[in-house]
Amino acid sequence: MATSSEAQFTSWIARWFARVEDFVYVGLALILAALAVGLLVDGAVTFVRAVAAGELATRVALLLDRLLLILMVVEILYTVQVSLREHTLVPEPFLIVGLIAGIRRILVLTAEFSEMIQEGGDPFRNAMIELGLLTVLVLALVVALALLRKRVS
């Protein structure tokens with residue numbers, strides 16, 4: 001049987017580790033927030049330059065890619081916030097980050113299709129295989145999110 005002093009020591013160790021965990025989460029959150037703000041400013045500058053140069057149509061894929069990257073960082077930041085607040089790992093934000101990443105790659109890939117069609121051969125075939133796998137991945141993540149939400153409610 002554990003003595004009272006052993007239980008107190010174990011409790012003290014657990015509280016200490018919880019504080020270290022909170023410190024790491026706060027540091028991670030600060031870095032992610034700075035990254036998100038930096039990416040947002042860079043995206044805004046890129047947008048303004050594209051509009052000023054009259055190249056918005058040609059830079060849509062780049063801007064969309066940047067915006068989805070910002071969404072991914074913000075969703076990871078939300079995951080860190082939930083983990084800090086509740087001291088649990090919630091699967092839903094990770095699925096959302098995976099979904100955004102998959103959609104982001106699909107959009108970038110489809111924006112590059114015109115070049116790949118001209119090249120033909122292996123690059124085009126590989127892009128089509130990747131697009132098919134990404135589609136399956138996105139559908140699987142959507143199903144997982146739907147099942148998770150159905151289970152929670």
# chains A, B, ... in the order shown; residues from 1 in each chain; ligands from 1
>>> residues_around(residues="region 72-80 of chain A", least_positions_apart="2", cutoff="9 Å", atoms="only C-alpha atoms", output="VMD selection string")
chain A and resid 25 to 26 28 to 30 32 to 33 35 to 36 67 to 70 82 to 85 89 to 94 96 to 98 100 to 101
>>> write_last_selection(atoms="N, CA and C atoms", output="PDB file, in the first residue's frame")
ATOM      1  N   TYR A  25       3.007  24.040 -24.290  1.00  0.00           N
ATOM      2  CA  TYR A  25       1.843  24.393 -25.106  1.00  0.00           C
ATOM      3  C   TYR A  25       1.762  25.900 -25.343  1.00  0.00           C
ATOM      4  N   VAL A  26       2.037  26.697 -24.316  1.00  0.00           N
ATOM      5  CA  VAL A  26       2.003  28.152 -24.473  1.00  0.00           C
ATOM      6  C   VAL A  26       3.088  28.592 -25.452  1.00  0.00           C
ATOM      7  N   LEU A  28       4.465  26.805 -27.846  1.00  0.00           N
ATOM      8  CA  LEU A  28       4.045  26.341 -29.170  1.00  0.00           C
ATOM      9  C   LEU A  28       2.946  27.230 -29.736  1.00  0.00           C
ATOM     10  N   ALA A  29       2.006  27.620 -28.893  1.00  0.00           N
ATOM     11  CA  ALA A  29       0.913  28.491 -29.336  1.00  0.00           C
ATOM     12  C   ALA A  29       1.442  29.851 -29.775  1.00  0.00           C
ATOM     13  N   LEU A  30       2.395  30.401 -29.039  1.00  0.00           N
ATOM     14  CA  LEU A  30       2.967  31.692 -29.422  1.00  0.00           C
ATOM     15  C   LEU A  30       3.677  31.609 -30.768  1.00  0.00           C
ATOM     16  N   LEU A  32       3.112  29.374 -33.185  1.00  0.00           N
ATOM     17  CA  LEU A  32       2.094  29.172 -34.221  1.00  0.00           C
ATOM     18  C   LEU A  32       1.330  30.459 -34.521  1.00  0.00           C
ATOM     19  N   ALA A  33       1.017  31.237 -33.490  1.00  0.00           N
ATOM     20  CA  ALA A  33       0.312  32.500 -33.698  1.00  0.00           C
ATOM     21  C   ALA A  33       1.179  33.472 -34.502  1.00  0.00           C
ATOM     22  N   LEU A  35       3.550  32.648 -36.558  1.00  0.00           N
ATOM     23  CA  LEU A  35       3.624  32.100 -37.909  1.00  0.00           C
ATOM     24  C   LEU A  35       2.364  32.433 -38.701  1.00  0.00           C
ATOM     25  N   ALA A  36       1.201  32.272 -38.083  1.00  0.00           N
ATOM     26  CA  ALA A  36      -0.059  32.566 -38.764  1.00  0.00           C
ATOM     27  C   ALA A  36      -0.148  34.044 -39.136  1.00  0.00           C
ATOM     28  N   LEU A  67      -3.557  30.856 -48.360  1.00  0.00           N
ATOM     29  CA  LEU A  67      -4.685  30.974 -47.439  1.00  0.00           C
ATOM     30  C   LEU A  67      -5.004  29.642 -46.762  1.00  0.00           C
ATOM     31  N   LEU A  68      -4.939  28.569 -47.515  1.00  0.00           N
ATOM     32  CA  LEU A  68      -5.198  27.253 -46.918  1.00  0.00           C
ATOM     33  C   LEU A  68      -4.095  26.865 -45.943  1.00  0.00           C
ATOM     34  N   LEU A  69      -2.869  27.278 -46.222  1.00  0.00           N
ATOM     35  CA  LEU A  69      -1.780  27.040 -45.267  1.00  0.00           C
ATOM     36  C   LEU A  69      -2.040  27.800 -43.968  1.00  0.00           C
ATOM     37  N   ILE A  70      -2.515  29.034 -44.088  1.00  0.00           N
ATOM     38  CA  ILE A  70      -2.858  29.810 -42.889  1.00  0.00           C
ATOM     39  C   ILE A  70      -3.971  29.111 -42.115  1.00  0.00           C
ATOM     40  N   VAL A  82      -7.038  23.812 -27.291  1.00  0.00           N
ATOM     41  CA  VAL A  82      -7.909  22.814 -26.659  1.00  0.00           C
ATOM     42  C   VAL A  82      -7.092  21.898 -25.752  1.00  0.00           C
ATOM     43  N   SER A  83      -5.929  21.494 -26.221  1.00  0.00           N
ATOM     44  CA  SER A  83      -5.075  20.624 -25.418  1.00  0.00           C
ATOM     45  C   SER A  83      -4.622  21.320 -24.144  1.00  0.00           C
ATOM     46  N   LEU A  84      -4.324  22.612 -24.242  1.00  0.00           N
ATOM     47  CA  LEU A  84      -3.907  23.376 -23.071  1.00  0.00           C
ATOM     48  C   LEU A  84      -5.051  23.528 -22.075  1.00  0.00           C
ATOM     49  N   ARG A  85      -6.240  23.806 -22.604  1.00  0.00           N
ATOM     50  CA  ARG A  85      -7.397  24.050 -21.741  1.00  0.00           C
ATOM     51  C   ARG A  85      -7.917  22.769 -21.092  1.00  0.00           C
ATOM     52  N   LEU A  89      -6.301  15.251 -25.876  1.00  0.00           N
ATOM     53  CA  LEU A  89      -6.070  15.367 -27.305  1.00  0.00           C
ATOM     54  C   LEU A  89      -7.373  15.045 -28.018  1.00  0.00           C
ATOM     55  N   VAL A  90      -7.881  15.999 -28.780  1.00  0.00           N
ATOM     56  CA  VAL A  90      -9.146  15.843 -29.482  1.00  0.00           C
ATOM     57  C   VAL A  90      -8.834  15.512 -30.940  1.00  0.00           C
ATOM     58  N   PRO A  91      -9.422  14.452 -31.495  1.00  0.00           N
ATOM     59  CA  PRO A  91      -9.064  14.048 -32.861  1.00  0.00           C
ATOM     60  C   PRO A  91      -9.630  14.944 -33.963  1.00  0.00           C
ATOM     61  N   GLU A  92     -10.747  15.614 -33.727  1.00  0.00           N
ATOM     62  CA  GLU A  92     -11.411  16.370 -34.776  1.00  0.00           C
ATOM     63  C   GLU A  92     -10.520  17.437 -35.434  1.00  0.00           C
ATOM     64  N   PRO A  93      -9.792  18.268 -34.674  1.00  0.00           N
ATOM     65  CA  PRO A  93      -8.934  19.259 -35.339  1.00  0.00           C
ATOM     66  C   PRO A  93      -7.860  18.633 -36.233  1.00  0.00           C
ATOM     67  N   PHE A  94      -7.339  17.485 -35.854  1.00  0.00           N
ATOM     68  CA  PHE A  94      -6.338  16.820 -36.683  1.00  0.00           C
ATOM     69  C   PHE A  94      -6.952  16.354 -38.007  1.00  0.00           C
ATOM     70  N   ILE A  96      -9.467  17.792 -39.450  1.00  0.00           N
ATOM     71  CA  ILE A  96      -9.718  19.001 -40.229  1.00  0.00           C
ATOM     72  C   ILE A  96      -8.426  19.494 -40.884  1.00  0.00           C
ATOM     73  N   VAL A  97      -7.315  19.444 -40.153  1.00  0.00           N
ATOM     74  CA  VAL A  97      -6.028  19.836 -40.736  1.00  0.00           C
ATOM     75  C   VAL A  97      -5.681  18.923 -41.908  1.00  0.00           C
ATOM     76  N   GLY A  98      -5.912  17.623 -41.744  1.00  0.00           N
ATOM     77  CA  GLY A  98      -5.662  16.684 -42.841  1.00  0.00           C
ATOM     78  C   GLY A  98      -6.554  16.964 -44.036  1.00  0.00           C
ATOM     79  N   ILE A 100      -7.919  19.919 -44.852  1.00  0.00           N
ATOM     80  CA  ILE A 100      -7.443  21.153 -45.488  1.00  0.00           C
ATOM     81  C   ILE A 100      -6.179  20.878 -46.292  1.00  0.00           C
ATOM     82  N   ALA A 101      -5.262  20.085 -45.735  1.00  0.00           N
ATOM     83  CA  ALA A 101      -4.019  19.767 -46.453  1.00  0.00           C
ATOM     84  C   ALA A 101      -4.303  19.004 -47.740  1.00  0.00           C
TER      85      ALA A 101
END
>>> closest_atom_pairs(of="region 91-141 of chain A", to="region 50-66 of chain A", cutoff="7 Å", atoms="only C-alpha atoms", output="CSV")
residue,atom,partner,partner_atom,distance
A:Arg104,CA,A:Asp65,CA,6.0
A:Val108,CA,A:Ala61,CA,6.4
A:Ala111,CA,A:Ala61,CA,6.3
>>> residues_around(residues="region 132-145 of chain A", least_positions_apart="6", cutoff="7 Å", atoms="only C-alpha atoms", output="compact mmCIF listing (two decimals) with N, CA, C and O atoms, in the first residue's frame")
# COMPACT_ATOMS: atom_id res chain seq x y z
N GLU A 92 -10.75 15.61 -33.73
CA GLU A 92 -11.41 16.37 -34.78
C GLU A 92 -10.52 17.44 -35.43
O GLU A 92 -10.47 17.52 -36.66
N LEU A 95 -8.17 15.86 -37.93
CA LEU A 95 -8.86 15.46 -39.16
C LEU A 95 -9.13 16.66 -40.05
O LEU A 95 -8.99 16.58 -41.28
N LEU A 99 -7.80 17.31 -43.77
CA LEU A 99 -8.74 17.64 -44.84
C LEU A 99 -8.30 18.89 -45.59
O LEU A 99 -8.28 18.92 -46.83
N GLY A 102 -5.23 18.05 -47.68
CA GLY A 102 -5.59 17.29 -48.88
C GLY A 102 -6.21 18.17 -49.95
O GLY A 102 -5.85 18.10 -51.13
N ILE A 106 -4.81 19.17 -53.69
CA ILE A 106 -5.64 18.97 -54.88
C ILE A 106 -5.71 20.25 -55.69
O ILE A 106 -5.57 20.23 -56.92
>>> atom_distance(atom1="CA of Leu40 (chain A)", atom2="CA of Phe113 (chain A)")
26.9 Å
>>> atom_distance(atom1="CA of Arg149 (chain A)", atom2="CA of Ala18 (chain A)")
28.7 Å
>>> decode(residues="region 44-75 of chain A", atoms="N, CA, C and O atoms", output="PDB file, in the first residue's frame")
ATOM      1  N   ALA A  44      -1.314  38.958 -47.606  1.00  0.00           N
ATOM      2  CA  ALA A  44      -1.930  40.248 -47.932  1.00  0.00           C
ATOM      3  C   ALA A  44      -1.029  41.054 -48.863  1.00  0.00           C
ATOM      4  O   ALA A  44      -1.512  41.664 -49.831  1.00  0.00           O
ATOM      5  N   VAL A  45       0.268  41.046 -48.596  1.00  0.00           N
ATOM      6  CA  VAL A  45       1.215  41.763 -49.455  1.00  0.00           C
ATOM      7  C   VAL A  45       1.219  41.153 -50.858  1.00  0.00           C
ATOM      8  O   VAL A  45       1.189  41.876 -51.869  1.00  0.00           O
ATOM      9  N   THR A  46       1.224  39.824 -50.939  1.00  0.00           N
ATOM     10  CA  THR A  46       1.195  39.147 -52.235  1.00  0.00           C
ATOM     11  C   THR A  46      -0.091  39.479 -52.986  1.00  0.00           C
ATOM     12  O   THR A  46      -0.064  39.728 -54.193  1.00  0.00           O
ATOM     13  N   PHE A  47      -1.196  39.516 -52.271  1.00  0.00           N
ATOM     14  CA  PHE A  47      -2.485  39.859 -52.887  1.00  0.00           C
ATOM     15  C   PHE A  47      -2.471  41.280 -53.442  1.00  0.00           C
ATOM     16  O   PHE A  47      -2.871  41.524 -54.585  1.00  0.00           O
ATOM     17  N   VAL A  48      -2.017  42.233 -52.637  1.00  0.00           N
ATOM     18  CA  VAL A  48      -1.982  43.633 -53.068  1.00  0.00           C
ATOM     19  C   VAL A  48      -1.063  43.789 -54.276  1.00  0.00           C
ATOM     20  O   VAL A  48      -1.410  44.488 -55.244  1.00  0.00           O
ATOM     21  N   ARG A  49       0.090  43.138 -54.251  1.00  0.00           N
ATOM     22  CA  ARG A  49       1.011  43.212 -55.396  1.00  0.00           C
ATOM     23  C   ARG A  49       0.387  42.601 -56.652  1.00  0.00           C
ATOM     24  O   ARG A  49       0.566  43.124 -57.755  1.00  0.00           O
ATOM     25  N   ALA A  50      -0.319  41.490 -56.487  1.00  0.00           N
ATOM     26  CA  ALA A  50      -0.951  40.850 -57.642  1.00  0.00           C
ATOM     27  C   ALA A  50      -2.040  41.737 -58.233  1.00  0.00           C
ATOM     28  O   ALA A  50      -2.158  41.855 -59.451  1.00  0.00           O
ATOM     29  N   VAL A  51      -2.823  42.375 -57.370  1.00  0.00           N
ATOM     30  CA  VAL A  51      -3.873  43.277 -57.845  1.00  0.00           C
ATOM     31  C   VAL A  51      -3.249  44.486 -58.536  1.00  0.00           C
ATOM     32  O   VAL A  51      -3.682  44.897 -59.614  1.00  0.00           O
ATOM     33  N   ALA A  52      -2.216  45.056 -57.919  1.00  0.00           N
ATOM     34  CA  ALA A  52      -1.561  46.240 -58.484  1.00  0.00           C
ATOM     35  C   ALA A  52      -0.920  45.932 -59.843  1.00  0.00           C
ATOM     36  O   ALA A  52      -0.921  46.777 -60.741  1.00  0.00           O
ATOM     37  N   ALA A  53      -0.386  44.719 -59.984  1.00  0.00           N
ATOM     38  CA  ALA A  53       0.264  44.343 -61.242  1.00  0.00           C
ATOM     39  C   ALA A  53      -0.723  43.783 -62.257  1.00  0.00           C
ATOM     40  O   ALA A  53      -0.340  43.463 -63.380  1.00  0.00           O
ATOM     41  N   GLY A  54      -1.977  43.642 -61.867  1.00  0.00           N
ATOM     42  CA  GLY A  54      -2.981  43.079 -62.769  1.00  0.00           C
ATOM     43  C   GLY A  54      -2.773  41.600 -63.028  1.00  0.00           C
ATOM     44  O   GLY A  54      -3.170  41.078 -64.061  1.00  0.00           O
ATOM     45  N   GLU A  55      -2.170  40.894 -62.077  1.00  0.00           N
ATOM     46  CA  GLU A  55      -1.865  39.469 -62.226  1.00  0.00           C
ATOM     47  C   GLU A  55      -2.657  38.595 -61.267  1.00  0.00           C
ATOM     48  O   GLU A  55      -2.240  37.481 -60.953  1.00  0.00           O
ATOM     49  N   LEU A  56      -3.789  39.101 -60.804  1.00  0.00           N
ATOM     50  CA  LEU A  56      -4.569  38.343 -59.820  1.00  0.00           C
ATOM     51  C   LEU A  56      -5.006  36.990 -60.360  1.00  0.00           C
ATOM     52  O   LEU A  56      -4.919  35.976 -59.663  1.00  0.00           O
ATOM     53  N   ALA A  57      -5.428  36.949 -61.610  1.00  0.00           N
ATOM     54  CA  ALA A  57      -5.898  35.689 -62.194  1.00  0.00           C
ATOM     55  C   ALA A  57      -4.789  34.652 -62.268  1.00  0.00           C
ATOM     56  O   ALA A  57      -5.036  33.461 -62.058  1.00  0.00           O
ATOM     57  N   THR A  58      -3.575  35.076 -62.526  1.00  0.00           N
ATOM     58  CA  THR A  58      -2.472  34.115 -62.640  1.00  0.00           C
ATOM     59  C   THR A  58      -1.941  33.687 -61.280  1.00  0.00           C
ATOM     60  O   THR A  58      -1.269  32.668 -61.183  1.00  0.00           O
ATOM     61  N   ARG A  59      -2.234  34.472 -60.257  1.00  0.00           N
ATOM     62  CA  ARG A  59      -1.718  34.144 -58.916  1.00  0.00           C
ATOM     63  C   ARG A  59      -2.777  33.570 -57.979  1.00  0.00           C
ATOM     64  O   ARG A  59      -2.532  33.425 -56.786  1.00  0.00           O
ATOM     65  N   VAL A  60      -3.947  33.260 -58.502  1.00  0.00           N
ATOM     66  CA  VAL A  60      -5.022  32.733 -57.660  1.00  0.00           C
ATOM     67  C   VAL A  60      -4.593  31.444 -56.964  1.00  0.00           C
ATOM     68  O   VAL A  60      -4.828  31.273 -55.769  1.00  0.00           O
ATOM     69  N   ALA A  61      -3.959  30.541 -57.688  1.00  0.00           N
ATOM     70  CA  ALA A  61      -3.543  29.267 -57.089  1.00  0.00           C
ATOM     71  C   ALA A  61      -2.551  29.497 -55.956  1.00  0.00           C
ATOM     72  O   ALA A  61      -2.647  28.877 -54.893  1.00  0.00           O
ATOM     73  N   LEU A  62      -1.599  30.406 -56.158  1.00  0.00           N
ATOM     74  CA  LEU A  62      -0.613  30.709 -55.118  1.00  0.00           C
ATOM     75  C   LEU A  62      -1.298  31.311 -53.894  1.00  0.00           C
ATOM     76  O   LEU A  62      -1.007  30.920 -52.756  1.00  0.00           O
ATOM     77  N   LEU A  63      -2.209  32.262 -54.128  1.00  0.00           N
ATOM     78  CA  LEU A  63      -2.908  32.894 -53.012  1.00  0.00           C
ATOM     79  C   LEU A  63      -3.799  31.909 -52.263  1.00  0.00           C
ATOM     80  O   LEU A  63      -3.848  31.912 -51.027  1.00  0.00           O
ATOM     81  N   LEU A  64      -4.489  31.071 -52.994  1.00  0.00           N
ATOM     82  CA  LEU A  64      -5.340  30.067 -52.365  1.00  0.00           C
ATOM     83  C   LEU A  64      -4.504  29.080 -51.553  1.00  0.00           C
ATOM     84  O   LEU A  64      -4.875  28.707 -50.433  1.00  0.00           O
ATOM     85  N   ASP A  65      -3.378  28.692 -52.105  1.00  0.00           N
ATOM     86  CA  ASP A  65      -2.455  27.812 -51.387  1.00  0.00           C
ATOM     87  C   ASP A  65      -2.005  28.460 -50.078  1.00  0.00           C
ATOM     88  O   ASP A  65      -1.982  27.825 -49.028  1.00  0.00           O
ATOM     89  N   ARG A  66      -1.670  29.730 -50.139  1.00  0.00           N
ATOM     90  CA  ARG A  66      -1.224  30.459 -48.940  1.00  0.00           C
ATOM     91  C   ARG A  66      -2.347  30.555 -47.911  1.00  0.00           C
ATOM     92  O   ARG A  66      -2.125  30.351 -46.726  1.00  0.00           O
ATOM     93  N   LEU A  67      -3.557  30.856 -48.360  1.00  0.00           N
ATOM     94  CA  LEU A  67      -4.685  30.974 -47.439  1.00  0.00           C
ATOM     95  C   LEU A  67      -5.004  29.642 -46.762  1.00  0.00           C
ATOM     96  O   LEU A  67      -5.306  29.597 -45.562  1.00  0.00           O
ATOM     97  N   LEU A  68      -4.939  28.569 -47.515  1.00  0.00           N
ATOM     98  CA  LEU A  68      -5.198  27.253 -46.918  1.00  0.00           C
ATOM     99  C   LEU A  68      -4.095  26.865 -45.943  1.00  0.00           C
ATOM    100  O   LEU A  68      -4.364  26.215 -44.925  1.00  0.00           O
ATOM    101  N   LEU A  69      -2.869  27.278 -46.222  1.00  0.00           N
ATOM    102  CA  LEU A  69      -1.780  27.040 -45.267  1.00  0.00           C
ATOM    103  C   LEU A  69      -2.040  27.800 -43.968  1.00  0.00           C
ATOM    104  O   LEU A  69      -1.838  27.261 -42.868  1.00  0.00           O
ATOM    105  N   ILE A  70      -2.515  29.034 -44.088  1.00  0.00           N
ATOM    106  CA  ILE A  70      -2.858  29.810 -42.889  1.00  0.00           C
ATOM    107  C   ILE A  70      -3.971  29.111 -42.115  1.00  0.00           C
ATOM    108  O   ILE A  70      -3.917  29.011 -40.880  1.00  0.00           O
ATOM    109  N   LEU A  71      -4.982  28.605 -42.814  1.00  0.00           N
ATOM    110  CA  LEU A  71      -6.063  27.876 -42.146  1.00  0.00           C
ATOM    111  C   LEU A  71      -5.534  26.654 -41.401  1.00  0.00           C
ATOM    112  O   LEU A  71      -5.980  26.339 -40.291  1.00  0.00           O
ATOM    113  N   MET A  72      -4.583  25.951 -42.010  1.00  0.00           N
ATOM    114  CA  MET A  72      -3.997  24.782 -41.358  1.00  0.00           C
ATOM    115  C   MET A  72      -3.275  25.190 -40.070  1.00  0.00           C
ATOM    116  O   MET A  72      -3.436  24.540 -39.020  1.00  0.00           O
ATOM    117  N   VAL A  73      -2.494  26.252 -40.128  1.00  0.00           N
ATOM    118  CA  VAL A  73      -1.763  26.716 -38.946  1.00  0.00           C
ATOM    119  C   VAL A  73      -2.741  27.146 -37.855  1.00  0.00           C
ATOM    120  O   VAL A  73      -2.550  26.816 -36.675  1.00  0.00           O
ATOM    121  N   VAL A  74      -3.798  27.853 -38.236  1.00  0.00           N
ATOM    122  CA  VAL A  74      -4.789  28.299 -37.252  1.00  0.00           C
ATOM    123  C   VAL A  74      -5.505  27.090 -36.633  1.00  0.00           C
ATOM    124  O   VAL A  74      -5.770  27.073 -35.431  1.00  0.00           O
ATOM    125  N   GLU A  75      -5.792  26.087 -37.437  1.00  0.00           N
ATOM    126  CA  GLU A  75      -6.451  24.887 -36.900  1.00  0.00           C
ATOM    127  C   GLU A  75      -5.522  24.136 -35.945  1.00  0.00           C
ATOM    128  O   GLU A  75      -5.961  23.620 -34.917  1.00  0.00           O
TER     129      GLU A  75
END
